[in-house]
Amino acid sequence: MGKMYNILQGLKPAMVMMMVQTTFAGMNMLYKLAARNGMSLRLITAYRFVFAVPFMVPLALLVERNRPKLTWTILFQAFLCGLFGGALSQNLYIESLALTSATFVAAMTNLIPVTTFVFAVSLGMEKLAFGTMAGKAKVFGTLIGLGGAMLLTFYKGVEVHIWPKHIKNGGHGATSSHPGSTNTLLGFLLASGCCITYALWLIVQAKMSKRYPCPYSSTALMCIMGAMQSVVYGLCSEKDWSQWKLGWNIRLLTVAYAGIVVSGLACTMVIWCVRVKGPLYASIFNPLLLVLVALAESLFLEAQLYLGSILGAVMIVLGLYVVLWGKSKEMKKMNEELAATRKEVPPLTSSSPQGETVEISVHSVDDNQDKVTASQASNDCN
């Protein structure tokens, strides 16, 4: 019995991350249904954060009682996090989803770690180190991922049927993972903008975590800022007041699910998994969202899958795993160097006023750990 319990405990992080990706897939399906129902896309984002705030704020107050004092610098960083990781990225995401398909956008979001790596190198936050295996892996993984994005966008190919026709639901009308060329190109640009803004959020979040190392409180602040920004944007862009009304229909279900289940519960589970198993482990499950969305969209929304979509998605996922492999090698080397440094520095001894010997250990601190954690936990809280 004890052995079975240990096995289940070992499988808990994997089961949690599978649940997280399943909830994200459900959100994509609900987004698509709400957009088909005629709901304003801007208001979906606004209501998502409005519903997330009452859940995250009490959770942060309950779990993190001893928090650093809020300063203007932290509030400004929280504002940027709410903009890049909340209002702006989510509006770009859902606009791209409405123009293309949930499968297309789910594939594109796997480029977030790649985009983060490019920004980190450009801003001098991370070294390219092309002479090492890890550096080569990250560069080649980036190129493979970008090539997959191009293939996903510009190559259609033959239609691929993954479900027998008699089990498909015919109530919603067919959509395509490769809509009109104009929509696909615009959707690609919007999805790329989403990846860029999300990568910027990760960089700002890494800086904020040094001053304010409270993940739940940081998420609550981000939701508050994102809610204010999204509501202001919605008020400025949506003049039809009837759009703001929520009835007992798919619109209420979508925003409540996205706000409470995804922004609240799912992101909390991701934070727990990152703490237990590390950011690389959590990132490994990101491509599962692509598989779940492709299966669900083709079955329930009758989306048509094409060879170009499948090949492009495979290349993006392959590029993601190559980058993650390079990052894991780099982290391992950094940890080994840190351990060697600690061994080389001998403990200093001094005497206390009471005549007792006091041992002082000197440890080095590597600022890159914050960057690694932020960049690898990239698209888990989409």
# chains A, B, ... in the order shown; residues from 1 in each chain; ligands from 1

call {"tool": "residues_around", "arguments": {"residues": "A:Phe76", "least_positions_apart": "3", "cutoff": "12 Å", "atoms": "only C-alpha atoms", "output": "MDAnalysis selection string"}}
result
chainID A and resid 70:73 79:83 204:205 207:208 221:222 225

call {"tool": "write_last_selection", "arguments": {"atoms": "N, CA and C atoms", "output": "mmCIF file, in the first residue's frame"}}
result
data_model
loop_
_atom_site.group_PDB
_atom_site.id
_atom_site.type_symbol
_atom_site.label_atom_id
_atom_site.label_comp_id
_atom_site.auth_asym_id
_atom_site.auth_seq_id
_atom_site.Cartn_x
_atom_site.Cartn_y
_atom_site.Cartn_z
ATOM 1 N N LEU A 70 4.958 47.359 -0.661
ATOM 2 C CA LEU A 70 4.760 47.798 -2.038
ATOM 3 C C LEU A 70 5.404 49.164 -2.245
ATOM 4 N N THR A 71 6.177 49.264 -3.310
ATOM 5 C CA THR A 71 6.803 50.536 -3.670
ATOM 6 C C THR A 71 6.295 50.956 -5.046
ATOM 7 N N TRP A 72 6.613 52.211 -5.425
ATOM 8 C CA TRP A 72 6.188 52.688 -6.729
ATOM 9 C C TRP A 72 6.843 51.882 -7.851
ATOM 10 N N THR A 73 8.077 51.438 -7.617
ATOM 11 C CA THR A 73 8.760 50.620 -8.628
ATOM 12 C C THR A 73 8.033 49.299 -8.841
ATOM 13 N N PHE A 79 2.165 47.063 -13.267
ATOM 14 C CA PHE A 79 1.410 47.667 -14.374
ATOM 15 C C PHE A 79 1.888 47.114 -15.718
ATOM 16 N N LEU A 80 3.216 47.022 -15.885
ATOM 17 C CA LEU A 80 3.763 46.466 -17.124
ATOM 18 C C LEU A 80 3.416 44.989 -17.272
ATOM 19 N N CYS A 81 3.429 44.250 -16.160
ATOM 20 C CA CYS A 81 3.051 42.838 -16.203
ATOM 21 C C CYS A 81 1.589 42.682 -16.610
ATOM 22 N N GLY A 82 0.726 43.544 -16.057
ATOM 23 C CA GLY A 82 -0.685 43.503 -16.430
ATOM 24 C C GLY A 82 -0.903 43.844 -17.885
ATOM 25 N N LEU A 83 -0.050 44.738 -18.422
ATOM 26 C CA LEU A 83 -0.177 45.136 -19.829
ATOM 27 C C LEU A 83 0.345 44.055 -20.761
ATOM 28 N N VAL A 204 10.016 41.250 -17.627
ATOM 29 C CA VAL A 204 9.648 42.183 -16.551
ATOM 30 C C VAL A 204 9.352 41.419 -15.266
ATOM 31 N N GLN A 205 8.678 40.259 -15.406
ATOM 32 C CA GLN A 205 8.333 39.455 -14.228
ATOM 33 C C GLN A 205 9.586 38.949 -13.519
ATOM 34 N N LYS A 207 12.424 40.518 -13.358
ATOM 35 C CA LYS A 207 12.935 41.661 -12.601
ATOM 36 C C LYS A 207 12.092 41.907 -11.354
ATOM 37 N N MET A 208 10.765 41.809 -11.515
ATOM 38 C CA MET A 208 9.867 42.067 -10.389
ATOM 39 C C MET A 208 10.028 41.025 -9.286
ATOM 40 N N LEU A 221 -1.693 41.141 -8.279
ATOM 41 C CA LEU A 221 -1.433 42.494 -8.767
ATOM 42 C C LEU A 221 -1.558 42.570 -10.282
ATOM 43 N N MET A 222 -1.049 41.554 -10.960
ATOM 44 C CA MET A 222 -1.141 41.512 -12.414
ATOM 45 C C MET A 222 -2.596 41.446 -12.869
ATOM 46 N N MET A 225 -4.210 44.949 -12.376
ATOM 47 C CA MET A 225 -3.778 45.870 -13.431
ATOM 48 C C MET A 225 -4.378 45.481 -14.777
#

call {"tool": "residues_around", "arguments": {"residues": "stretch 183-193 of chain A", "least_positions_apart": "4", "cutoff": "10 Å", "atoms": "only C-alpha atoms", "output": "JSON, numbers by chain"}}
result
{"A": [88, 89, 90, 91, 92, 93, 94, 95, 96, 97, 98, 99, 100, 101, 104, 105, 106, 107, 108, 109, 111, 112, 115, 149, 150, 152, 153, 154, 177, 178, 179, 197, 198, 199]}

call {"tool": "write_last_selection", "arguments": {"atoms": "N, CA and C atoms", "output": "short mmCIF file (atom, residue, chain, number, x, y, z; two decimals), in the first residue's frame"}}
result
data_model
loop_
_atom_site.label_atom_id
_atom_site.label_comp_id
_atom_site.auth_asym_id
_atom_site.auth_seq_id
_atom_site.Cartn_x
_atom_site.Cartn_y
_atom_site.Cartn_z
N LEU A 88 -2.83 43.24 -23.09
CA LEU A 88 -2.37 43.29 -24.48
C LEU A 88 -2.21 41.90 -25.07
N SER A 89 -1.51 41.01 -24.37
CA SER A 89 -1.26 39.67 -24.92
C SER A 89 -2.56 38.89 -25.10
N GLN A 90 -3.49 39.02 -24.15
CA GLN A 90 -4.73 38.27 -24.25
C GLN A 90 -5.64 38.80 -25.36
N ASN A 91 -5.64 40.11 -25.56
CA ASN A 91 -6.43 40.67 -26.67
C ASN A 91 -5.86 40.23 -28.01
N LEU A 92 -4.55 40.22 -28.14
CA LEU A 92 -3.93 39.74 -29.37
C LEU A 92 -4.22 38.26 -29.58
N TYR A 93 -4.16 37.49 -28.48
CA TYR A 93 -4.39 36.04 -28.55
C TYR A 93 -5.79 35.73 -29.05
N ILE A 94 -6.79 36.36 -28.45
CA ILE A 94 -8.17 36.01 -28.79
C ILE A 94 -8.56 36.55 -30.16
N GLU A 95 -7.99 37.69 -30.56
CA GLU A 95 -8.25 38.20 -31.92
C GLU A 95 -7.67 37.25 -32.95
N SER A 96 -6.48 36.72 -32.68
CA SER A 96 -5.87 35.76 -33.60
C SER A 96 -6.68 34.48 -33.66
N LEU A 97 -7.17 34.03 -32.50
CA LEU A 97 -7.97 32.81 -32.45
C LEU A 97 -9.25 32.95 -33.27
N ALA A 98 -9.88 34.14 -33.19
CA ALA A 98 -11.13 34.36 -33.94
C ALA A 98 -10.88 34.38 -35.44
N LEU A 99 -9.72 34.89 -35.86
CA LEU A 99 -9.42 34.98 -37.29
C LEU A 99 -8.97 33.65 -37.87
N THR A 100 -8.32 32.82 -37.08
CA THR A 100 -7.77 31.55 -37.60
C THR A 100 -8.50 30.38 -36.95
N SER A 101 -7.80 29.67 -36.08
CA SER A 101 -8.40 28.54 -35.38
C SER A 101 -7.67 28.35 -34.05
N PHE A 104 -4.33 26.59 -34.62
CA PHE A 104 -3.29 27.47 -35.15
C PHE A 104 -2.64 28.28 -34.02
N VAL A 105 -3.47 28.88 -33.17
CA VAL A 105 -2.95 29.74 -32.09
C VAL A 105 -2.23 28.90 -31.04
N ALA A 106 -2.77 27.71 -30.73
CA ALA A 106 -2.11 26.83 -29.75
C ALA A 106 -0.72 26.44 -30.24
N ALA A 107 -0.57 26.24 -31.55
CA ALA A 107 0.75 25.91 -32.10
C ALA A 107 1.68 27.11 -32.00
N MET A 108 1.17 28.29 -32.30
CA MET A 108 2.00 29.50 -32.28
C MET A 108 2.50 29.83 -30.88
N THR A 109 1.70 29.56 -29.86
CA THR A 109 2.11 29.92 -28.50
C THR A 109 3.29 29.09 -28.01
N LEU A 111 5.93 29.09 -29.42
CA LEU A 111 7.08 29.90 -29.77
C LEU A 111 7.46 30.88 -28.66
N ILE A 112 6.68 30.94 -27.59
CA ILE A 112 6.95 31.91 -26.52
C ILE A 112 8.33 31.71 -25.91
N THR A 115 10.82 33.06 -28.38
CA THR A 115 10.79 34.52 -28.43
C THR A 115 11.47 35.11 -27.20
N ALA A 149 6.66 27.92 -37.86
CA ALA A 149 5.64 28.98 -37.90
C ALA A 149 5.38 29.43 -39.33
N MET A 150 6.44 29.55 -40.11
CA MET A 150 6.28 29.93 -41.52
C MET A 150 5.50 28.86 -42.29
N LEU A 152 3.43 26.64 -41.03
CA LEU A 152 2.06 26.63 -40.52
C LEU A 152 1.22 27.71 -41.18
N THR A 153 1.84 28.84 -41.47
CA THR A 153 1.10 29.99 -42.00
C THR A 153 0.91 29.93 -43.51
N PHE A 154 1.96 29.57 -44.23
CA PHE A 154 1.94 29.75 -45.67
C PHE A 154 1.75 28.47 -46.48
N SER A 177 -8.44 25.08 -40.11
CA SER A 177 -7.20 25.50 -39.46
C SER A 177 -6.39 26.39 -40.39
N HIS A 178 -6.80 26.46 -41.67
CA HIS A 178 -6.17 27.35 -42.65
C HIS A 178 -7.28 28.14 -43.34
N PRO A 179 -7.81 29.22 -42.70
CA PRO A 179 -8.84 30.02 -43.34
C PRO A 179 -8.28 30.76 -44.54
N THR A 197 4.72 40.09 -26.76
CA THR A 197 4.30 40.76 -25.53
C THR A 197 4.41 39.83 -24.33
N TYR A 198 4.12 38.54 -24.54
CA TYR A 198 4.24 37.58 -23.44
C TYR A 198 5.70 37.41 -23.03
N ALA A 199 6.59 37.42 -24.02
CA ALA A 199 8.02 37.32 -23.71
C ALA A 199 8.49 38.55 -22.93
#

call {"tool": "atom_distance", "arguments": {"atom1": "atom CA of A:Leu246", "atom2": "atom CA of A:Gly26"}}
result
19.6 Å

call {"tool": "select_by_dssp", "arguments": {"residues": "stretch 295-336 of chain A", "states": "strand (DSSP E or B)", "output": "PDB file with C-alpha atoms, in the first residue's frame"}}
result
ATOM      1  CA  ALA A 303     -12.408  22.230 -37.928  1.00  0.00           C
ATOM      2  CA  GLN A 304     -10.612  20.991 -41.009  1.00  0.00           C
ATOM      3  CA  LEU A 305      -6.991  19.974 -40.442  1.00  0.00           C
ATOM      4  CA  TYR A 306      -4.440  20.272 -43.235  1.00  0.00           C
TER       5      TYR A 306
END

call {"tool": "residues_around", "arguments": {"residues": "A:Leu295", "least_positions_apart": "4", "cutoff": "9 Å", "atoms": "only C-alpha atoms", "output": "ChimeraX atom specification"}}
result
/A:103,162-163,290-291,299-300

call {"tool": "select_by_dssp", "arguments": {"residues": "stretch 207-342 of chain A", "states": "alpha helix (DSSP H)", "output": "ChimeraX atom specification"}}
result
/A:207-211,215-237,250-256,267-277,279-284,286-300,307-342

call {"tool": "atom_distance", "arguments": {"atom1": "atom CA of A:Phe55", "atom2": "atom CA of A:Cys214"}}
result
16.3 Å

call {"tool": "residues_around", "arguments": {"residues": "A:Met133", "least_positions_apart": "2", "cutoff": "12 Å", "atoms": "only C-alpha atoms", "output": "ChimeraX atom specification"}}
result
/A:128-131,135-141,322-323,325-330,333

call {"tool": "residues_around", "arguments": {"residues": "A:Ala35", "least_positions_apart": "2", "cutoff": "12 Å", "atoms": "only C-alpha atoms", "output": "list in words"}}
result
Asn28, Met29, Leu30, Tyr31, Lys32, Leu33, Asn37, Gly38, Met39, Ser40, Leu41, Arg42, Leu43, Ile44, Thr45, Ile94, Glu95, Ser96, Leu97, Ala98, Leu99, Thr100, Ser101, Ala102, Gln243, Ile250, Arg251, Thr254 and Val255 of chain A

call {"tool": "closest_residue", "arguments": {"among": "A:Leu151, A:Ile74, A:Met334, A:Leu235", "to": "A:Ala313", "atoms": "only C-alpha atoms"}}
result
A:Leu151

call {"tool": "closest_residue", "arguments": {"among": "A:Met125, A:Leu253, A:Ala134, A:Ala87", "to": "A:Phe49", "atoms": "only C-alpha atoms"}}
result
A:Ala87

call {"tool": "decode", "arguments": {"residues": "stretch 257-305 of chain A", "atoms": "N, CA and C atoms", "output": "PDB file, in the first residue's frame"}}
result
ATOM      1  N   TYR A 257     -15.225  30.828 -16.489  1.00  0.00           N
ATOM      2  CA  TYR A 257     -14.254  29.730 -16.606  1.00  0.00           C
ATOM      3  C   TYR A 257     -12.845  30.280 -16.813  1.00  0.00           C
ATOM      4  N   ALA A 258     -12.704  31.255 -17.733  1.00  0.00           N
ATOM      5  CA  ALA A 258     -11.385  31.808 -18.019  1.00  0.00           C
ATOM      6  C   ALA A 258     -10.816  32.553 -16.810  1.00  0.00           C
ATOM      7  N   GLY A 259     -11.678  33.258 -16.073  1.00  0.00           N
ATOM      8  CA  GLY A 259     -11.202  34.040 -14.940  1.00  0.00           C
ATOM      9  C   GLY A 259     -10.907  33.210 -13.711  1.00  0.00           C
ATOM     10  N   ILE A 260     -11.864  32.350 -13.332  1.00  0.00           N
ATOM     11  CA  ILE A 260     -11.730  31.602 -12.076  1.00  0.00           C
ATOM     12  C   ILE A 260     -10.903  30.335 -12.263  1.00  0.00           C
ATOM     13  N   VAL A 261     -11.263  29.530 -13.253  1.00  0.00           N
ATOM     14  CA  VAL A 261     -10.607  28.232 -13.424  1.00  0.00           C
ATOM     15  C   VAL A 261      -9.209  28.386 -14.020  1.00  0.00           C
ATOM     16  N   VAL A 262      -9.065  29.202 -15.072  1.00  0.00           N
ATOM     17  CA  VAL A 262      -7.777  29.313 -15.755  1.00  0.00           C
ATOM     18  C   VAL A 262      -6.842  30.294 -15.044  1.00  0.00           C
ATOM     19  N   SER A 263      -7.270  31.572 -14.926  1.00  0.00           N
ATOM     20  CA  SER A 263      -6.400  32.563 -14.287  1.00  0.00           C
ATOM     21  C   SER A 263      -6.210  32.289 -12.803  1.00  0.00           C
ATOM     22  N   GLY A 264      -7.197  31.639 -12.167  1.00  0.00           N
ATOM     23  CA  GLY A 264      -7.090  31.345 -10.746  1.00  0.00           C
ATOM     24  C   GLY A 264      -6.527  29.977 -10.442  1.00  0.00           C
ATOM     25  N   LEU A 265      -7.328  28.940 -10.629  1.00  0.00           N
ATOM     26  CA  LEU A 265      -6.938  27.586 -10.230  1.00  0.00           C
ATOM     27  C   LEU A 265      -5.774  27.040 -11.054  1.00  0.00           C
ATOM     28  N   ALA A 266      -5.867  27.156 -12.391  1.00  0.00           N
ATOM     29  CA  ALA A 266      -4.839  26.552 -13.247  1.00  0.00           C
ATOM     30  C   ALA A 266      -3.482  27.199 -13.025  1.00  0.00           C
ATOM     31  N   CYS A 267      -3.440  28.531 -12.939  1.00  0.00           N
ATOM     32  CA  CYS A 267      -2.152  29.200 -12.735  1.00  0.00           C
ATOM     33  C   CYS A 267      -1.581  28.887 -11.358  1.00  0.00           C
ATOM     34  N   THR A 268      -2.449  28.694 -10.371  1.00  0.00           N
ATOM     35  CA  THR A 268      -1.982  28.293  -9.043  1.00  0.00           C
ATOM     36  C   THR A 268      -1.368  26.899  -9.098  1.00  0.00           C
ATOM     37  N   MET A 269      -1.966  26.006  -9.864  1.00  0.00           N
ATOM     38  CA  MET A 269      -1.419  24.661 -10.005  1.00  0.00           C
ATOM     39  C   MET A 269      -0.074  24.685 -10.731  1.00  0.00           C
ATOM     40  N   VAL A 270       0.059  25.570 -11.710  1.00  0.00           N
ATOM     41  CA  VAL A 270       1.337  25.701 -12.418  1.00  0.00           C
ATOM     42  C   VAL A 270       2.423  26.182 -11.461  1.00  0.00           C
ATOM     43  N   ILE A 271       2.088  27.173 -10.615  1.00  0.00           N
ATOM     44  CA  ILE A 271       3.054  27.682  -9.637  1.00  0.00           C
ATOM     45  C   ILE A 271       3.499  26.562  -8.698  1.00  0.00           C
ATOM     46  N   TRP A 272       2.538  25.740  -8.259  1.00  0.00           N
ATOM     47  CA  TRP A 272       2.872  24.608  -7.371  1.00  0.00           C
ATOM     48  C   TRP A 272       3.801  23.631  -8.075  1.00  0.00           C
ATOM     49  N   CYS A 273       3.503  23.315  -9.336  1.00  0.00           N
ATOM     50  CA  CYS A 273       4.313  22.342 -10.073  1.00  0.00           C
ATOM     51  C   CYS A 273       5.717  22.880 -10.325  1.00  0.00           C
ATOM     52  N   VAL A 274       5.852  24.157 -10.628  1.00  0.00           N
ATOM     53  CA  VAL A 274       7.170  24.762 -10.840  1.00  0.00           C
ATOM     54  C   VAL A 274       7.994  24.684  -9.565  1.00  0.00           C
ATOM     55  N   ARG A 275       7.356  24.897  -8.415  1.00  0.00           N
ATOM     56  CA  ARG A 275       8.064  24.815  -7.141  1.00  0.00           C
ATOM     57  C   ARG A 275       8.511  23.393  -6.834  1.00  0.00           C
ATOM     58  N   VAL A 276       7.686  22.420  -7.186  1.00  0.00           N
ATOM     59  CA  VAL A 276       7.981  21.028  -6.845  1.00  0.00           C
ATOM     60  C   VAL A 276       8.986  20.405  -7.818  1.00  0.00           C
ATOM     61  N   LYS A 277       8.772  20.607  -9.115  1.00  0.00           N
ATOM     62  CA  LYS A 277       9.570  19.917 -10.132  1.00  0.00           C
ATOM     63  C   LYS A 277      10.448  20.833 -10.976  1.00  0.00           C
ATOM     64  N   GLY A 278      10.252  22.132 -10.861  1.00  0.00           N
ATOM     65  CA  GLY A 278      11.065  23.055 -11.635  1.00  0.00           C
ATOM     66  C   GLY A 278      10.365  23.535 -12.898  1.00  0.00           C
ATOM     67  N   PRO A 279      10.824  24.673 -13.462  1.00  0.00           N
ATOM     68  CA  PRO A 279      10.170  25.267 -14.631  1.00  0.00           C
ATOM     69  C   PRO A 279      10.285  24.443 -15.898  1.00  0.00           C
ATOM     70  N   LEU A 280      11.399  23.725 -16.082  1.00  0.00           N
ATOM     71  CA  LEU A 280      11.541  22.912 -17.291  1.00  0.00           C
ATOM     72  C   LEU A 280      10.496  21.808 -17.347  1.00  0.00           C
ATOM     73  N   TYR A 281      10.236  21.185 -16.205  1.00  0.00           N
ATOM     74  CA  TYR A 281       9.244  20.108 -16.151  1.00  0.00           C
ATOM     75  C   TYR A 281       7.874  20.625 -16.576  1.00  0.00           C
ATOM     76  N   ALA A 282       7.500  21.804 -16.084  1.00  0.00           N
ATOM     77  CA  ALA A 282       6.186  22.366 -16.432  1.00  0.00           C
ATOM     78  C   ALA A 282       6.106  22.695 -17.917  1.00  0.00           C
ATOM     79  N   SER A 283       7.207  23.170 -18.502  1.00  0.00           N
ATOM     80  CA  SER A 283       7.200  23.548 -19.913  1.00  0.00           C
ATOM     81  C   SER A 283       7.068  22.355 -20.848  1.00  0.00           C
ATOM     82  N   ILE A 284       7.505  21.178 -20.399  1.00  0.00           N
ATOM     83  CA  ILE A 284       7.447  19.981 -21.239  1.00  0.00           C
ATOM     84  C   ILE A 284       6.015  19.647 -21.641  1.00  0.00           C
ATOM     85  N   PHE A 285       5.045  20.022 -20.809  1.00  0.00           N
ATOM     86  CA  PHE A 285       3.650  19.657 -21.065  1.00  0.00           C
ATOM     87  C   PHE A 285       2.935  20.646 -21.979  1.00  0.00           C
ATOM     88  N   ASN A 286       3.579  21.748 -22.366  1.00  0.00           N
ATOM     89  CA  ASN A 286       2.905  22.749 -23.202  1.00  0.00           C
ATOM     90  C   ASN A 286       2.377  22.189 -24.527  1.00  0.00           C
ATOM     91  N   PRO A 287       3.147  21.344 -25.252  1.00  0.00           N
ATOM     92  CA  PRO A 287       2.621  20.813 -26.510  1.00  0.00           C
ATOM     93  C   PRO A 287       1.373  19.944 -26.347  1.00  0.00           C
ATOM     94  N   LEU A 288       1.104  19.449 -25.131  1.00  0.00           N
ATOM     95  CA  LEU A 288      -0.110  18.670 -24.914  1.00  0.00           C
ATOM     96  C   LEU A 288      -1.344  19.504 -25.224  1.00  0.00           C
ATOM     97  N   LEU A 289      -1.278  20.811 -24.950  1.00  0.00           N
ATOM     98  CA  LEU A 289      -2.397  21.701 -25.264  1.00  0.00           C
ATOM     99  C   LEU A 289      -2.700  21.671 -26.757  1.00  0.00           C
ATOM    100  N   LEU A 290      -1.665  21.683 -27.578  1.00  0.00           N
ATOM    101  CA  LEU A 290      -1.847  21.654 -29.029  1.00  0.00           C
ATOM    102  C   LEU A 290      -2.581  20.391 -29.458  1.00  0.00           C
ATOM    103  N   VAL A 291      -2.193  19.244 -28.911  1.00  0.00           N
ATOM    104  CA  VAL A 291      -2.840  17.972 -29.265  1.00  0.00           C
ATOM    105  C   VAL A 291      -4.302  17.978 -28.835  1.00  0.00           C
ATOM    106  N   LEU A 292      -4.566  18.397 -27.601  1.00  0.00           N
ATOM    107  CA  LEU A 292      -5.936  18.404 -27.079  1.00  0.00           C
ATOM    108  C   LEU A 292      -6.833  19.353 -27.873  1.00  0.00           C
ATOM    109  N   VAL A 293      -6.313  20.534 -28.196  1.00  0.00           N
ATOM    110  CA  VAL A 293      -7.100  21.517 -28.943  1.00  0.00           C
ATOM    111  C   VAL A 293      -7.399  21.007 -30.352  1.00  0.00           C
ATOM    112  N   ALA A 294      -6.395  20.404 -31.009  1.00  0.00           N
ATOM    113  CA  ALA A 294      -6.597  19.888 -32.365  1.00  0.00           C
ATOM    114  C   ALA A 294      -7.671  18.799 -32.380  1.00  0.00           C
ATOM    115  N   LEU A 295      -7.619  17.898 -31.393  1.00  0.00           N
ATOM    116  CA  LEU A 295      -8.621  16.827 -31.327  1.00  0.00           C
ATOM    117  C   LEU A 295     -10.009  17.384 -31.020  1.00  0.00           C
ATOM    118  N   ALA A 296     -10.089  18.283 -30.032  1.00  0.00           N
ATOM    119  CA  ALA A 296     -11.395  18.819 -29.630  1.00  0.00           C
ATOM    120  C   ALA A 296     -12.001  19.692 -30.720  1.00  0.00           C
ATOM    121  N   GLU A 297     -11.188  20.529 -31.354  1.00  0.00           N
ATOM    122  CA  GLU A 297     -11.715  21.432 -32.372  1.00  0.00           C
ATOM    123  C   GLU A 297     -12.178  20.670 -33.606  1.00  0.00           C
ATOM    124  N   SER A 298     -11.448  19.641 -33.989  1.00  0.00           N
ATOM    125  CA  SER A 298     -11.852  18.864 -35.159  1.00  0.00           C
ATOM    126  C   SER A 298     -13.101  18.039 -34.878  1.00  0.00           C
ATOM    127  N   LEU A 299     -13.299  17.624 -33.606  1.00  0.00           N
ATOM    128  CA  LEU A 299     -14.462  16.800 -33.263  1.00  0.00           C
ATOM    129  C   LEU A 299     -15.700  17.641 -33.002  1.00  0.00           C
ATOM    130  N   PHE A 300     -15.587  18.649 -32.134  1.00  0.00           N
ATOM    131  CA  PHE A 300     -16.764  19.402 -31.704  1.00  0.00           C
ATOM    132  C   PHE A 300     -17.080  20.610 -32.576  1.00  0.00           C
ATOM    133  N   LEU A 301     -16.056  21.225 -33.176  1.00  0.00           N
ATOM    134  CA  LEU A 301     -16.288  22.392 -34.024  1.00  0.00           C
ATOM    135  C   LEU A 301     -16.090  22.087 -35.501  1.00  0.00           C
ATOM    136  N   GLU A 302     -15.831  20.825 -35.813  1.00  0.00           N
ATOM    137  CA  GLU A 302     -15.655  20.368 -37.193  1.00  0.00           C
ATOM    138  C   GLU A 302     -14.585  21.163 -37.951  1.00  0.00           C
ATOM    139  N   ALA A 303     -13.513  21.525 -37.267  1.00  0.00           N
ATOM    140  CA  ALA A 303     -12.408  22.230 -37.928  1.00  0.00           C
ATOM    141  C   ALA A 303     -11.692  21.280 -38.869  1.00  0.00           C
ATOM    142  N   GLN A 304     -11.326  21.799 -40.024  1.00  0.00           N
ATOM    143  CA  GLN A 304     -10.612  20.991 -41.009  1.00  0.00           C
ATOM    144  C   GLN A 304      -9.110  21.123 -40.779  1.00  0.00           C
ATOM    145  N   LEU A 305      -8.437  19.985 -40.632  1.00  0.00           N
ATOM    146  CA  LEU A 305      -6.991  19.974 -40.442  1.00  0.00           C
ATOM    147  C   LEU A 305      -6.298  19.731 -41.779  1.00  0.00           C
TER     148      LEU A 305
END
